[in-house]
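Peer 1: Here you go, one structure.
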Amino acid sequence: MKKVFVFDGVVVATGVVLSASASVTASNPDARELIVADDHPVAVGWLYKEGEDGEVLFSAPVPPPPTIGPNEFHFLWTVGEQIAIEELRATDTGIKVFMRRLEDPRTTEVVLAAPAIQDAIAYTVNALAAAGVIPQERIAVRIAEIGNGRAASAVKAEQAQ
């Protein structure tokens, strides 16, 4: 049997009991102890929740979006999207301000996990959809791709494999 220790919805320790005289404990006394099969996939850092029927559910954590350079950020957009963004800057203050901040020489990195960046990406994708550049049914997909640092070309290459 494998012991899994969970605190605040996160696995903080695991251990396998190899003999009846051995014990496994967590360093955090507030951690909840769960017993799972030895071959149950789980590791420290994984997320925990209890299923509707009381079953134990673990999932690998989703890594946060990366921090990238401003030039790399621009290449997350397709060429058609980049052209449309340039055109929209003349009439859309939100896009103009977002792009101006990215192009400021003091901007050395774009923290994709930052809520302001995620909001600006969503705003820009929606503006591109309103301009007919991105189909309505692809709005959520493009927001997720760009917000997670994945260029459309990389996604297409992965899908082709």
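Labels for the structure tokens follow display order: chains A, B, ..., residues from 1 in each chain, ligands from 1.
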Skipping near chain neighbours, those fewer than 5 positions away, what residues fall within 9 Å of Glu81 of chain A using only C-alpha atoms, listed as a list in words?
Peer 2: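 Using only C-alpha atoms, the neighbours found are Glu86, Val125, Leu128, Val133 and Ile134 of chain A.
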Peer 1: Taking the DSSP secondary structure from the backbone, can you list the residues of segment 81-147 of chain A that are alpha helix (DSSP H), as a PyMOL selection string?
Peer 2: chain A and resi 81-88+93-103+115-130+139-147
Peer 1: Write to file, as an mmCIF file, in the first residue's frame, the residues of the selection just made, with C-alpha atoms.
Peer 2:
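Final file, part-v5.cif:
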```
data_model
loop_
_atom_site.group_PDB
_atom_site.id
_atom_site.type_symbol
_atom_site.label_atom_id
_atom_site.label_comp_id
_atom_site.auth_asym_id
_atom_site.auth_seq_id
_atom_site.Cartn_x
_atom_site.Cartn_y
_atom_site.Cartn_z
ATOM 1 C CA GLU A 81 -3.029 38.534 -36.618
ATOM 2 C CA GLN A 82 0.123 40.657 -36.361
ATOM 3 C CA ILE A 83 -0.873 42.671 -39.429
ATOM 4 C CA ALA A 84 -4.393 43.206 -38.086
ATOM 5 C CA ILE A 85 -3.022 44.251 -34.672
ATOM 6 C CA GLU A 86 -0.907 46.905 -36.384
ATOM 7 C CA GLU A 87 -3.958 48.170 -38.270
ATOM 8 C CA LEU A 88 -6.172 48.136 -35.158
ATOM 9 C CA THR A 93 -6.812 52.425 -27.658
ATOM 10 C CA GLY A 94 -6.677 49.159 -25.692
ATOM 11 C CA ILE A 95 -4.539 47.459 -28.316
ATOM 12 C CA LYS A 96 -2.421 50.591 -28.772
ATOM 13 C CA VAL A 97 -1.628 50.777 -25.045
ATOM 14 C CA PHE A 98 -0.906 47.020 -24.801
ATOM 15 C CA MET A 99 1.461 47.021 -27.785
ATOM 16 C CA ARG A 100 3.145 50.244 -26.669
ATOM 17 C CA ARG A 101 3.932 48.666 -23.280
ATOM 18 C CA LEU A 102 5.370 45.581 -24.985
ATOM 19 C CA GLU A 103 7.565 47.727 -27.227
ATOM 20 C CA PRO A 115 -3.715 38.689 -14.870
ATOM 21 C CA ALA A 116 -3.171 41.994 -16.704
ATOM 22 C CA ILE A 117 -1.390 40.178 -19.539
ATOM 23 C CA GLN A 118 -4.076 37.484 -19.699
ATOM 24 C CA ASP A 119 -6.748 40.214 -19.844
ATOM 25 C CA ALA A 120 -4.871 42.080 -22.587
ATOM 26 C CA ILE A 121 -4.496 38.877 -24.627
ATOM 27 C CA ALA A 122 -8.234 38.179 -24.313
ATOM 28 C CA TYR A 123 -9.042 41.777 -25.251
ATOM 29 C CA THR A 124 -6.806 41.620 -28.323
ATOM 30 C CA VAL A 125 -8.107 38.233 -29.485
ATOM 31 C CA ASN A 126 -11.692 39.470 -29.137
ATOM 32 C CA ALA A 127 -10.838 42.607 -31.120
ATOM 33 C CA LEU A 128 -9.306 40.424 -33.836
ATOM 34 C CA ALA A 129 -12.464 38.299 -33.874
ATOM 35 C CA ALA A 130 -14.625 41.416 -34.161
ATOM 36 C CA ILE A 139 -11.587 32.762 -29.714
ATOM 37 C CA ALA A 140 -11.173 30.600 -26.605
ATOM 38 C CA VAL A 141 -8.578 28.413 -28.327
ATOM 39 C CA ARG A 142 -6.430 31.376 -29.403
ATOM 40 C CA ILE A 143 -6.668 32.984 -25.947
ATOM 41 C CA ALA A 144 -5.466 29.710 -24.392
ATOM 42 C CA GLU A 145 -2.699 29.176 -26.960
ATOM 43 C CA ILE A 146 -1.271 32.684 -26.664
ATOM 44 C CA GLY A 147 -1.843 32.864 -22.910
#
```
Peer 1: What does the distance between atom CA of Gly80 of chain A and atom CA of Gln136 of chain A come to in Å, to one decimal place?
Peer 2: 15.7 Å
Peer 1: Could you give me, as a list of chain:residue names, the residues within 6 Å of segment 62-73 of chain A, counting only C-alpha atoms and dropping anything in the same chain fewer than 3 positions from it?
Peer 2: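 Residues near the query, excluding close chain neighbours: A:Leu76, A:Leu102, A:Thr108, A:Glu109, A:Val110, A:Val111, A:Leu112, A:Ala113, A:Asn148.
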Peer 1: With N, CA and C atoms kept, could you save the residues just selected as a JSON list (two decimals), in the first residue's frame?
Peer 2:
```json
[["chain", "number", "residue", "atom", "x", "y", "z"],
["A", 76, "LEU", "N", 3.92, 34.75, -31.05],
["A", 76, "LEU", "CA", 2.83, 33.85, -30.68],
["A", 76, "LEU", "C", 1.61, 34.10, -31.57],
["A", 102, "LEU", "N", 4.49, 46.68, -24.57],
["A", 102, "LEU", "CA", 5.37, 45.58, -24.98],
["A", 102, "LEU", "C", 6.61, 46.10, -25.70],
["A", 108, "THR", "N", 11.48, 43.91, -20.62],
["A", 108, "THR", "CA", 12.42, 42.84, -20.96],
["A", 108, "THR", "C", 11.79, 41.47, -20.93],
["A", 109, "GLU", "N", 10.61, 41.37, -20.31],
["A", 109, "GLU", "CA", 9.93, 40.09, -20.25],
["A", 109, "GLU", "C", 8.42, 40.29, -20.17],
["A", 110, "VAL", "N", 7.71, 39.27, -20.64],
["A", 110, "VAL", "CA", 6.25, 39.26, -20.58],
["A", 110, "VAL", "C", 5.87, 38.07, -19.71],
["A", 111, "VAL", "N", 5.29, 38.36, -18.55],
["A", 111, "VAL", "CA", 4.89, 37.31, -17.61],
["A", 111, "VAL", "C", 3.48, 36.88, -18.01],
["A", 112, "LEU", "N", 3.40, 35.80, -18.77],
["A", 112, "LEU", "CA", 2.11, 35.37, -19.30],
["A", 112, "LEU", "C", 1.11, 35.00, -18.20],
["A", 113, "ALA", "N", 1.59, 34.65, -17.01],
["A", 113, "ALA", "CA", 0.69, 34.29, -15.91],
["A", 113, "ALA", "C", 0.05, 35.51, -15.26],
["A", 148, "ASN", "N", -0.75, 30.69, -22.94],
["A", 148, "ASN", "CA", 0.14, 29.65, -22.44],
["A", 148, "ASN", "C", 1.47, 29.62, -23.18]]
```
Peer 1: Restricting the calculation to only C-alpha atoms, which member of A:Glu137, A:Ala13, A:Arg150, A:Arg89 is positioned closest to Pro29 of chain A?
Peer 2: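 Looking at the shortest contact to Pro29 of chain A, the residue is A:Ala13.
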Peer 1: Would you mind reading off the distance between atom CA of Arg138 of chain A and atom CA of Pro61 of chain A, one decimal, in Å?
Peer 2: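 Computing the Euclidean distance for atom CA of Arg138 of chain A and atom CA of Pro61 of chain A yields 25.4 Å.
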Peer 1: So that I can check the secondary structure, give me every residue of segment 8-148 of chain A assigned strand (DSSP E or B) by backbone DSSP, as a PyMOL selection string.
Peer 2: chain A and resi 10-16+32-36+47-50+56-59+67-68+110-111
